[in-house]
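Asker: Input model-v9.cif, format and content: mmCIF, C-alpha atoms.
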```cif
data_final
#
loop_
_atom_site.label_atom_id
_atom_site.label_comp_id
_atom_site.auth_asym_id
_atom_site.auth_seq_id
_atom_site.Cartn_x
_atom_site.Cartn_y
_atom_site.Cartn_z
CA MET A 1 26.14 -25.67 21.99
CA THR A 2 25.51 -26.36 18.33
CA ILE A 3 22.83 -25.02 16.03
CA ALA A 4 20.96 -28.33 16.27
CA ASP A 5 20.89 -27.93 20.08
CA ILE A 6 18.81 -24.78 19.69
CA GLY A 7 16.10 -26.92 18.10
CA LYS A 8 16.03 -29.12 21.19
CA ILE A 9 15.02 -26.23 23.44
CA GLU A 10 11.46 -26.53 24.71
CA ASN A 11 8.82 -24.91 22.47
CA MET A 12 11.43 -24.18 19.80
CA GLU A 13 10.28 -24.95 16.29
CA CYS A 14 12.74 -25.30 13.40
CA LEU A 15 11.43 -23.49 10.31
CA GLN A 16 14.51 -23.79 8.12
CA ASP A 17 16.71 -26.84 8.57
CA ARG A 18 18.95 -26.68 5.52
CA TYR A 19 22.09 -25.69 7.40
CA GLU A 20 25.40 -27.21 8.27
CA ASP A 21 25.54 -27.88 11.99
CA ARG A 22 28.32 -26.12 13.86
CA ASP A 23 29.18 -24.68 17.25
CA ILE A 24 27.51 -21.49 18.41
CA THR A 25 29.88 -19.36 20.45
CA ASP A 26 27.72 -16.42 21.43
CA ALA A 27 24.26 -14.92 21.17
CA TYR A 28 22.97 -11.45 20.36
CA THR A 29 19.52 -10.19 21.24
CA SER A 30 18.29 -7.14 19.35
CA ASP A 31 15.52 -5.93 17.08
CA LEU A 32 17.60 -3.13 15.60
CA LEU A 33 19.34 -4.39 12.52
CA SER A 34 21.95 -1.62 12.47
CA ASP A 35 22.82 -2.57 16.01
CA VAL A 36 23.13 -6.25 15.05
CA MET A 37 25.24 -5.23 12.08
CA ALA A 38 27.57 -3.18 14.24
CA ASN A 39 27.83 -5.35 17.32
CA ALA A 40 26.90 -9.02 16.88
CA SER A 41 29.87 -11.35 16.64
CA GLU A 42 30.42 -14.06 14.08
CA TYR A 43 28.97 -17.52 14.91
CA SER A 44 26.38 -16.00 17.24
CA VAL A 45 22.75 -16.92 17.28
CA LEU A 46 20.54 -13.89 16.69
CA ILE A 47 17.48 -13.59 18.93
CA THR A 48 14.96 -11.13 17.50
CA ILE A 49 11.38 -10.41 16.49
CA GLN A 50 12.43 -9.09 13.08
CA ALA A 51 11.25 -11.81 10.72
CA HIS A 52 11.91 -10.38 7.27
CA LYS A 53 14.45 -10.77 4.50
CA ASN A 54 16.74 -8.11 5.86
CA THR A 55 17.25 -10.10 9.03
CA VAL A 56 18.68 -12.85 6.84
CA ALA A 57 20.79 -10.33 4.93
CA VAL A 58 22.26 -8.97 8.16
CA ALA A 59 22.89 -12.50 9.47
CA THR A 60 24.70 -13.37 6.24
CA LEU A 61 26.83 -10.24 6.41
CA VAL A 62 27.75 -10.63 10.05
CA GLY A 63 28.28 -14.38 9.84
CA VAL A 64 25.38 -15.35 12.11
CA PRO A 65 24.47 -18.97 11.25
CA ALA A 66 21.16 -19.18 13.18
CA ILE A 67 18.20 -16.90 13.87
CA VAL A 68 15.60 -17.35 16.60
CA ILE A 69 12.31 -15.53 15.94
CA CYS A 70 10.44 -14.74 19.15
CA ASN A 71 6.77 -14.20 20.09
CA ASN A 72 5.67 -16.58 17.33
CA ARG A 73 5.95 -13.82 14.77
CA PRO A 74 4.92 -14.97 11.31
CA VAL A 75 7.77 -15.76 8.92
CA ASP A 76 7.14 -15.59 5.17
CA ASP A 77 8.22 -18.43 2.91
CA ASP A 78 10.50 -16.18 0.89
CA VAL A 79 12.38 -15.33 4.08
CA LEU A 80 12.93 -19.03 4.68
CA GLU A 81 13.98 -19.56 1.08
CA THR A 82 16.57 -16.81 1.35
CA ALA A 83 17.81 -18.30 4.62
CA ALA A 84 18.02 -21.75 3.00
CA SER A 85 20.07 -20.40 0.11
CA GLU A 86 22.49 -18.87 2.62
CA GLY A 87 22.49 -21.96 4.86
CA ILE A 88 21.15 -20.03 7.85
CA ALA A 89 18.99 -21.95 10.34
CA VAL A 90 15.71 -20.32 11.39
CA PHE A 91 13.90 -21.24 14.61
CA ARG A 92 10.73 -19.86 16.12
CA THR A 93 9.35 -19.80 19.63
CA ALA A 94 6.30 -18.42 21.44
CA GLU A 95 8.60 -17.03 24.11
CA ASN A 96 9.85 -13.46 24.12
CA GLN A 97 13.41 -12.25 23.55
CA PHE A 98 14.28 -12.26 27.23
CA GLN A 99 13.05 -15.80 27.89
CA SER A 100 14.70 -17.10 24.74
CA SER A 101 17.97 -15.40 25.65
CA LEU A 102 17.91 -17.06 29.07
CA ARG A 103 17.40 -20.49 27.54
CA ILE A 104 20.14 -20.04 24.99
CA GLY A 105 22.35 -18.58 27.69
CA GLU A 106 21.91 -21.86 29.59
CA GLY A 107 23.14 -23.76 26.54
CA LEU A 108 26.13 -21.47 26.09
CA LYS A 109 27.21 -21.97 29.73
CA ASP A 110 28.77 -25.30 28.85
CA LEU A 111 31.33 -23.66 26.64
CA MET B 1 29.84 -15.22 -12.05
CA SER B 2 29.90 -13.33 -15.27
CA SER B 3 29.40 -9.99 -13.56
CA GLU B 4 32.67 -10.41 -11.76
CA SER B 5 34.80 -11.60 -14.61
CA ARG B 6 36.07 -8.46 -16.14
CA GLY B 7 36.24 -9.86 -19.64
CA GLU B 8 32.49 -9.87 -20.06
CA VAL B 9 31.05 -6.48 -19.34
CA ASN B 10 27.32 -6.22 -19.03
CA PRO B 11 26.21 -3.17 -21.05
CA LEU B 12 23.67 -2.08 -18.45
CA GLU B 13 26.28 -2.20 -15.73
CA THR B 14 28.70 -0.24 -17.86
CA SER B 15 26.16 2.49 -18.40
CA LEU B 16 25.32 2.56 -14.70
CA ARG B 17 28.99 2.69 -13.90
CA LEU B 18 29.38 5.54 -16.29
CA GLN B 19 26.43 7.36 -14.78
CA GLU B 20 27.88 6.84 -11.34
CA LEU B 21 31.28 8.15 -12.42
CA VAL B 22 29.75 11.23 -13.96
CA TYR B 23 27.44 11.80 -10.99
CA GLY B 24 30.39 11.71 -8.66
CA LEU B 25 32.48 14.30 -10.52
CA GLU B 26 32.84 17.66 -8.82
CA ILE B 27 31.00 20.42 -10.64
CA ARG B 28 34.19 22.47 -10.92
CA LYS B 29 35.80 19.72 -12.99
CA VAL B 30 32.99 19.96 -15.52
CA MET B 31 31.96 23.63 -15.56
CA THR B 32 33.13 26.32 -17.95
CA SER B 33 35.63 28.37 -15.99
CA GLU B 34 35.98 31.35 -18.27
CA VAL B 35 32.82 33.27 -17.64
CA ILE B 36 31.71 36.47 -19.30
CA THR B 37 29.89 38.61 -16.77
CA VAL B 38 28.22 42.00 -16.74
CA SER B 39 27.79 44.48 -13.92
CA ARG B 40 24.49 45.92 -12.77
CA GLN B 41 25.20 49.14 -14.67
CA THR B 42 25.81 47.44 -18.04
CA SER B 43 23.17 48.45 -20.60
CA MET B 44 20.87 45.91 -22.18
CA ARG B 45 22.37 46.88 -25.54
CA GLU B 46 25.88 45.98 -24.36
CA ALA B 47 24.59 42.75 -22.85
CA GLN B 48 22.97 41.80 -26.14
CA ALA B 49 26.21 42.55 -28.03
CA LEU B 50 28.20 40.39 -25.60
CA MET B 51 25.79 37.48 -26.06
CA LYS B 52 25.97 37.80 -29.81
CA GLN B 53 29.77 38.00 -29.93
CA ASN B 54 30.22 34.99 -27.68
CA ALA B 55 27.28 32.95 -28.96
CA ILE B 56 25.73 32.54 -25.53
CA THR B 57 22.18 32.97 -24.32
CA GLY B 58 22.65 34.21 -20.79
CA LEU B 59 25.02 36.28 -18.66
CA PRO B 60 25.48 36.36 -14.90
CA VAL B 61 25.23 39.81 -13.36
CA THR B 62 27.86 40.27 -10.67
CA VAL B 63 28.90 42.89 -8.18
CA ALA B 64 32.33 44.16 -9.17
CA GLY B 65 34.91 43.32 -6.51
CA SER B 66 33.03 40.71 -4.51
CA GLN B 67 32.08 38.71 -7.64
CA LYS B 68 28.73 37.88 -6.01
CA VAL B 69 26.01 36.86 -8.43
CA VAL B 70 22.96 39.11 -8.09
CA GLY B 71 21.05 38.10 -11.21
CA MET B 72 21.02 36.53 -14.64
CA VAL B 73 20.22 38.33 -17.83
CA SER B 74 19.02 36.13 -20.68
CA MET B 75 18.22 36.47 -24.36
CA ASN B 76 14.57 36.55 -23.30
CA ASP B 77 15.19 39.61 -21.13
CA VAL B 78 16.92 41.26 -24.09
CA MET B 79 13.92 40.57 -26.33
CA ASN B 80 11.54 41.98 -23.74
CA ALA B 81 13.62 45.16 -23.42
CA LEU B 82 13.89 45.44 -27.21
CA GLU B 83 10.13 45.18 -27.57
CA LYS B 84 9.64 48.04 -25.14
CA GLY B 85 12.43 50.10 -26.72
CA LYS B 86 14.41 50.04 -23.48
CA MET B 87 17.78 48.84 -24.71
CA ASP B 88 19.54 51.67 -22.89
CA ASP B 89 18.20 50.54 -19.52
CA THR B 90 20.71 48.90 -17.19
CA VAL B 91 20.59 45.11 -16.94
CA PHE B 92 19.69 45.59 -13.28
CA LEU B 93 16.15 46.61 -14.36
CA TRP B 94 15.59 43.58 -16.60
CA MET B 95 17.55 40.73 -15.11
CA THR B 96 16.09 37.72 -13.29
CA ARG B 97 16.81 38.17 -9.62
CA GLU B 98 15.98 34.70 -8.47
CA VAL B 99 19.22 32.98 -9.17
CA GLN B 100 19.90 29.41 -8.27
CA VAL B 101 23.63 28.95 -7.87
CA LEU B 102 25.52 25.69 -7.57
CA HIS B 103 28.61 25.25 -5.45
CA ASP B 104 31.75 24.14 -7.23
CA GLU B 105 32.44 21.31 -4.77
CA MET B 106 29.02 19.70 -5.23
CA PRO B 107 28.85 16.44 -7.13
CA LEU B 108 27.43 16.64 -10.62
CA SER B 109 24.40 14.60 -9.55
CA PHE B 110 23.19 17.70 -7.66
CA ALA B 111 23.47 19.74 -10.84
CA ILE B 112 21.47 17.16 -12.78
CA ALA B 113 18.80 17.32 -10.09
CA ALA B 114 18.85 21.13 -10.34
CA PHE B 115 18.30 20.99 -14.10
CA ASN B 116 15.25 18.81 -13.46
CA LYS B 117 13.95 20.97 -10.66
CA TYR B 118 14.38 24.51 -11.93
CA PRO B 119 13.38 26.04 -15.26
CA PHE B 120 16.89 27.49 -15.81
CA ARG B 121 19.18 26.20 -18.53
CA ARG B 122 22.39 27.59 -17.12
CA PHE B 123 23.57 27.83 -13.55
CA PRO B 124 26.24 30.12 -12.15
CA VAL B 125 28.76 28.12 -10.11
CA VAL B 126 30.23 29.74 -7.00
CA ASP B 127 33.12 28.89 -4.71
CA LYS B 128 32.87 28.53 -0.95
CA ASP B 129 33.02 32.31 -0.51
CA ASN B 130 30.07 32.65 -2.90
CA ARG B 131 32.25 34.21 -5.61
CA LEU B 132 31.36 33.36 -9.19
CA ASN B 133 33.72 30.66 -10.38
CA GLY B 134 32.12 29.24 -13.52
CA MET B 135 28.97 28.39 -15.44
CA LEU B 136 27.31 25.06 -15.92
CA THR B 137 25.02 24.16 -18.83
CA PHE B 138 23.80 20.81 -20.04
CA ARG B 139 26.51 20.98 -22.66
CA ASN B 140 29.13 20.66 -19.89
CA ILE B 141 27.39 17.56 -18.60
CA ASN B 142 27.26 16.01 -22.05
CA LEU B 143 30.94 16.70 -22.56
CA ALA B 144 31.76 15.10 -19.21
CA LEU B 145 29.71 12.05 -20.19
CA ILE B 146 31.54 11.73 -23.49
CA ARG B 147 34.89 12.12 -21.75
CA GLU B 148 34.09 9.41 -19.20
CA LEU B 149 32.65 7.20 -21.91
CA SER B 150 35.82 7.27 -23.95
CA GLN B 151 37.92 6.62 -20.85
CA GLN B 152 35.71 3.65 -19.96
CA LEU B 153 35.97 2.32 -23.51
CA ASN B 154 39.75 2.47 -23.28
CA LYS B 155 39.62 0.64 -19.98
CA MET B 156 37.31 -2.03 -21.34
CA GLU B 157 39.55 -2.69 -24.31
CA HIS B 158 42.45 -2.95 -21.93
CA LEU B 159 40.53 -5.36 -19.73
CA ILE B 160 39.65 -7.70 -22.53
CA GLU B 161 43.35 -7.98 -23.25
CA ASP B 162 44.33 -9.16 -19.78
CA SER B 163 41.17 -10.93 -18.68
CA GLU B 164 42.97 -14.26 -18.56
CA GLU B 165 43.95 -13.73 -14.92
CA ALA B 166 41.31 -15.75 -13.07
CA ASP B 167 41.73 -14.54 -9.49
CA ILE B 168 41.82 -10.89 -10.45
CA PHE B 169 41.24 -8.62 -7.47
CA ASP B 170 39.87 -5.58 -9.24
CA LEU B 171 36.14 -5.10 -9.35
CA VAL B 172 34.08 -2.18 -10.51
CA LYS B 173 30.39 -2.64 -10.04
CA VAL B 174 27.36 -0.44 -9.59
CA TYR B 175 24.00 -1.43 -8.17
CA SER B 176 20.87 0.55 -8.86
CA LEU B 177 18.51 0.78 -5.87
CA GLN B 178 14.85 1.73 -5.81
CA GLN B 179 13.12 3.64 -3.06
CA HIS B 180 11.55 1.35 -0.42
CA ASP B 181 12.72 -1.81 -2.14
CA PHE B 182 13.68 -3.51 1.12
CA GLU B 183 13.31 -6.88 -0.60
CA ASN B 184 16.56 -6.31 -2.42
CA GLY B 185 18.27 -4.23 0.26
CA GLY B 186 21.32 -6.20 1.31
CA LYS B 187 21.82 -7.91 -2.04
CA ALA B 188 24.74 -5.75 -3.12
CA SER B 189 26.43 -6.06 0.27
CA THR B 190 26.06 -9.83 0.26
CA GLU B 191 27.61 -10.10 -3.20
CA ILE B 192 30.53 -7.88 -2.27
CA LYS B 193 31.10 -9.83 0.93
CA LYS B 194 31.29 -13.07 -1.06
CA PHE B 195 33.67 -11.53 -3.58
CA LEU B 196 36.04 -10.49 -0.77
CA LYS B 197 35.70 -13.75 1.13
CA ARG B 198 36.70 -15.77 -1.92
CA ARG B 199 39.76 -13.60 -2.18
CA LYS B 200 40.73 -14.35 1.43
CA VAL B 201 40.43 -10.78 2.68
CA PRO B 202 40.78 -10.79 6.52
CA SER B 203 37.41 -11.19 8.21
CA GLY B 204 37.76 -7.96 10.20
CA VAL B 205 38.10 -5.99 6.98
CA ILE B 206 35.19 -7.86 5.39
CA ARG B 207 33.08 -7.02 8.40
CA ARG B 208 33.85 -3.32 8.05
CA VAL B 209 33.11 -3.37 4.34
CA ALA B 210 29.85 -5.23 5.03
CA VAL B 211 28.77 -2.64 7.61
CA ALA B 212 29.51 0.24 5.26
CA CYS B 213 27.78 -1.25 2.23
CA TYR B 214 24.80 -2.49 4.13
CA GLU B 215 24.12 0.77 5.92
CA LEU B 216 24.56 2.77 2.72
CA GLU B 217 22.38 0.34 0.84
CA ILE B 218 19.61 0.53 3.43
CA ASN B 219 19.95 4.33 3.54
CA LEU B 220 19.33 4.52 -0.19
CA VAL B 221 16.32 2.25 0.06
CA ALA B 222 14.88 3.82 3.21
CA HIS B 223 15.57 7.52 2.67
CA SER B 224 16.38 8.40 -0.93
CA LEU B 225 14.19 8.62 -3.98
CA GLY B 226 16.42 5.89 -5.39
CA GLY B 227 20.08 5.91 -6.21
CA MET B 228 23.22 4.01 -6.93
CA LEU B 229 25.72 2.13 -4.87
CA GLY B 230 29.11 1.85 -6.53
CA PHE B 231 32.09 -0.34 -5.71
CA ASP B 232 35.59 0.17 -6.93
CA ILE B 233 37.91 -2.45 -5.52
CA ASN B 234 41.61 -2.85 -6.12
CA PRO B 235 44.29 -4.58 -4.04
CA GLU B 236 44.96 -1.35 -2.15
CA ARG B 237 41.49 -0.30 -1.07
CA ILE B 238 37.75 -0.64 -1.39
CA ARG B 239 35.89 2.46 -2.42
CA ILE B 240 32.15 2.47 -1.80
CA SER B 241 30.05 5.35 -3.07
CA ALA B 242 26.37 6.08 -2.68
CA ASN B 243 24.73 8.66 -4.95
CA ASP B 244 21.14 9.68 -5.01
CA LEU B 245 19.06 12.37 -6.63
CA GLY B 246 17.21 13.49 -3.55
CA PRO B 247 15.68 14.48 -1.29
CA GLY B 248 18.94 15.48 0.40
CA ILE B 249 19.71 15.90 4.08
CA GLU B 250 18.58 19.03 5.93
CA SER B 251 21.29 18.91 8.59
CA LEU B 252 24.42 16.86 8.09
CA GLU B 253 25.39 17.46 11.69
CA LEU B 254 22.18 15.87 12.92
CA ALA B 255 22.40 13.07 10.36
CA MET B 256 25.85 12.19 11.68
CA THR B 257 24.63 12.20 15.28
CA GLU B 258 24.10 8.78 16.78
CA GLY B 259 20.44 8.21 17.57
CA PHE B 260 19.08 10.83 15.20
CA SER B 261 16.83 9.55 12.42
CA THR B 262 14.13 10.86 10.13
CA ALA B 263 12.90 7.35 9.32
CA SER B 264 9.17 6.73 9.07
CA GLU B 265 7.31 4.47 11.49
CA TRP B 266 7.17 1.82 8.81
CA VAL B 267 10.92 1.87 8.29
CA ARG B 268 11.47 1.80 12.06
CA SER B 269 9.16 -1.16 12.51
CA MET B 270 11.48 -3.18 10.30
CA GLY B 271 14.39 -2.56 12.62
CA PHE B 272 15.97 0.40 10.83
CA GLY B 273 16.02 4.08 11.54
CA ALA B 274 17.75 3.89 14.89
CA GLY B 275 20.11 6.64 13.82
CA MET B 276 23.11 4.33 13.78
CA GLY B 277 23.67 3.97 10.06
CA LEU B 278 25.79 6.95 9.06
CA PRO B 279 27.74 7.14 12.34
CA ASN B 280 28.54 3.43 11.92
CA VAL B 281 29.75 3.91 8.36
CA LYS B 282 31.96 6.78 9.43
CA LYS B 283 33.33 4.79 12.33
CA ILE B 284 34.50 1.88 10.21
CA SER B 285 35.79 3.93 7.25
CA ASP B 286 39.40 4.90 6.76
CA GLU B 287 38.22 7.82 4.68
CA PHE B 288 34.70 9.19 4.79
CA GLU B 289 33.01 11.99 2.90
CA ILE B 290 29.45 13.20 2.78
CA HIS B 291 27.88 15.93 0.66
CA SER B 292 24.23 16.75 0.69
CA GLU B 293 21.92 19.49 -0.47
CA PRO B 294 18.20 19.57 0.32
CA GLY B 295 16.25 19.09 -2.87
CA LEU B 296 19.27 17.99 -4.87
CA GLY B 297 20.71 14.83 -3.39
CA THR B 298 23.35 13.18 -1.29
CA MET B 299 26.69 11.64 -2.06
CA ILE B 300 28.56 9.50 0.42
CA LEU B 301 32.00 8.03 -0.01
CA SER B 302 33.61 5.42 2.21
CA ILE B 303 37.09 4.10 1.63
CA ILE B 304 38.50 1.10 3.45
CA TYR B 305 42.17 0.21 3.06
CA LEU B 306 43.13 -3.36 2.43
CA LYS B 307 46.76 -2.97 3.32
CA LYS B 308 46.81 -3.33 7.09
CA GLU B 309 49.44 -0.76 7.97
CA ASN B 310 47.34 1.98 6.39
CA GLY B 311 43.95 1.05 7.74
CA LYS B 312 42.02 1.05 10.95
CA GLU B 313 42.22 -2.05 13.12
CA GLY B 314 39.75 -4.66 11.95
CA ASP B 315 36.50 -4.81 13.86
CA ASN B 316 37.04 -7.42 16.54
CA ASP B 317 35.65 -10.79 15.75
CA ASP B 318 35.15 -12.70 18.94
CA SER B 319 35.69 -15.96 17.15
#
```
What would you get if you wrote out this structure as structure tokens?
Answerer:
Amino acid sequence: MTIADIGKIENMECLQDRYEDRDITDAYTSDLLSDVMANASEYSVLITIQAHKNTVAVATLVGVPAIVICNNRPVDDDVLETAASEGIAVFRTAENQFQSSLRIGEGLKDL
Amino acid sequence: MSSESRGEVNPLETSLRLQELVYGLEIRKVMTSEVITVSRQTSMREAQALMKQNAITGLPVTVAGSQKVVGMVSMNDVMNALEKGKMDDTVFLWMTREVQVLHDEMPLSFAIAAFNKYPFRRFPVVDKDNRLNGMLTFRNINLALIRELSQQLNKMEHLIEDSEEADIFDLVKVYSLQQHDFENGGKASTEIKKFLKRRKVPSGVIRRVAVACYELEINLVAHSLGGMLGFDINPERIRISANDLGPGIESLELAMTEGFSTASEWVRSMGFGAGMGLPNVKKISDEFEIHSEPGLGTMILSIIYLKKENGKEGDNDDS
């Protein structure tokens, strides 16, 4: 599964598309940034409802190249700008973290 | 990046660096060790004579033997006694009994906070057994500043000489962080990560450094009244220090317990305050130190070795 494949998932909207496409090897679902920081692996997609600048900072630090924002939470433009400058893709969906994780899990099965 | 090339030193950064260096010094390295004391039975007249002879304005009153500080007698107390014609009274009757002591192992930042908080101009410094070990006045702090300043100047001159090396590994940088400025929380960590990545530091080590800086950075923003995050990197190790001027941690034991947090609802709603920060920093550090004093501040030090054989195993990257 690549980052671009995430955008093909039903109801998934791409909010920030200035990224370099690459393989996603894992996913991490959490709304606690310290937990993401400590436990998410590099090249994972982060599934969360935290849609602020610090989510991007954590993704940058951990090496997460894509973020999926659940429950249609609003995402400010400056968050997307920061993500663009770091080359991190940002997607959004109306589904919750569990449903999104299932869908991405499907995509990761092919690995 | 000019901030990373050591030939060009930004004056603001230098002064922050200096502040950070001075803040991090142990009080005992700065205090006056030779202290003139009086006992409770000393007369006010003798106390006044001692102050005059030694050109000082205050004396700690100690219990002979235990060296415990029970009061401070100042020039003011002498004047009050003189006015009442009571110069033959013992200092015990005239001294100030509310004494704020500082511990000799505290960082100097705590002392600076104490000078701001209390009306006193001199603080007795005690050792871990509460025995008087020295005195600290603002003069000591000024001297320490001057000493660090001249050392930094020497270093800077030295740096300008050998700044031609392009891929230099050494970096000394300090970031100033404001309370609740989550917008910029993560900026310092991101810059440091990039610095290390360009220098091909193994990704496991970078990950550990990133965890430590980020958690310390967010701690400063979320919990402190504002503070500084300092980096001192050389080919051997990365030293990360966080200094703040308050409010300090009530219980270090609780603060180091996973799951414990004093974060506000607002901080929690942003995905912080799960009580993982400090335990995580400790976990990934090769050396870890924390000092805190309610009302005075907190100082945290995390050292991560770059030479593999000395350090912890890198955090596993599944990639």
Asker: Within 9 Å of B:Phe138, counting only C-alpha atoms, which residues qualify if same-chain residues fewer than 5 places away don't, as a list in words?
Answerer: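 Everything that qualifies: Ile112, Phe115, Arg121, Arg122 and Leu143 of chain B.
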Asker: Could you write out that same residue set with C-alpha atoms as a compact mmCIF listing (two decimals), in the coordinates of the input?
Answerer:
```txt
# COMPACT_ATOMS: atom_id res chain seq x y z
CA ILE B 112 21.47 17.16 -12.78
CA PHE B 115 18.30 20.99 -14.10
CA ARG B 121 19.18 26.20 -18.53
CA ARG B 122 22.39 27.59 -17.12
CA LEU B 143 30.94 16.70 -22.56
```
Asker: Just to confirm, what's the straight-line distance from atom CA of B:Asp286 to atom CA of B:Asp181 in Å (one decimal)?
Answerer: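 Calculated distance between atom CA of B:Asp286 and atom CA of B:Asp181 is 28.9 Å.
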Asker: Might you pull out every residue within 9 Å of stretch 250-264 of chain B, with only C-alpha atoms counted and same-chain residues fewer than 5 positions away left off, and present them as a list of chain:residue names?
Answerer: B:Ala222, B:His223, B:Ser269, B:Phe272, B:Gly273, B:Ala274, B:Gly275, B:Met276, B:Gly277, B:Leu278, B:Pro279, B:Asn280, B:Lys282, B:Ile290, B:His291, B:Ser292, B:Glu293, B:Pro294
Asker: Would you kindly translate the PyMOL selection byres ((chain A) within 7 of (chain B)) into the concrete residues it picks from this file, as a short mmCIF file (atom, residue, chain, number, x, y, z; two decimals) with C-alpha atoms, in the frame of the given file?
Answerer:
```cif
data_model
loop_
_atom_site.label_atom_id
_atom_site.label_comp_id
_atom_site.auth_asym_id
_atom_site.auth_seq_id
_atom_site.Cartn_x
_atom_site.Cartn_y
_atom_site.Cartn_z
CA ASP A 31 15.52 -5.93 17.08
CA LEU A 32 17.60 -3.13 15.60
CA LEU A 33 19.34 -4.39 12.52
CA SER A 34 21.95 -1.62 12.47
CA MET A 37 25.24 -5.23 12.08
CA ALA A 38 27.57 -3.18 14.24
CA SER A 41 29.87 -11.35 16.64
CA GLU A 42 30.42 -14.06 14.08
CA GLN A 50 12.43 -9.09 13.08
CA LYS A 53 14.45 -10.77 4.50
CA ASN A 54 16.74 -8.11 5.86
CA ALA A 57 20.79 -10.33 4.93
CA LEU A 61 26.83 -10.24 6.41
CA VAL A 62 27.75 -10.63 10.05
#
```
Asker: Skipping near chain neighbours, those fewer than 4 positions away, what residues fall within 10 Å of A:Ile9 using all atoms listed in the file, listed as a list in words?
Answerer: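 Listed by chain and then number, they are Ala4, Asp5, Glu13, Thr93, Ser100, Arg103, Ile104 and Gly107 of chain A.
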Asker: Starting from the PyMOL selection byres ((chain B and resi 21) around 10), expand the selection into actual residues of this file and give them as a PyMOL selection string.
Answerer: chain B and resi 15-20+22-25+108-109+144-145+148-149+152+174+230+241+243
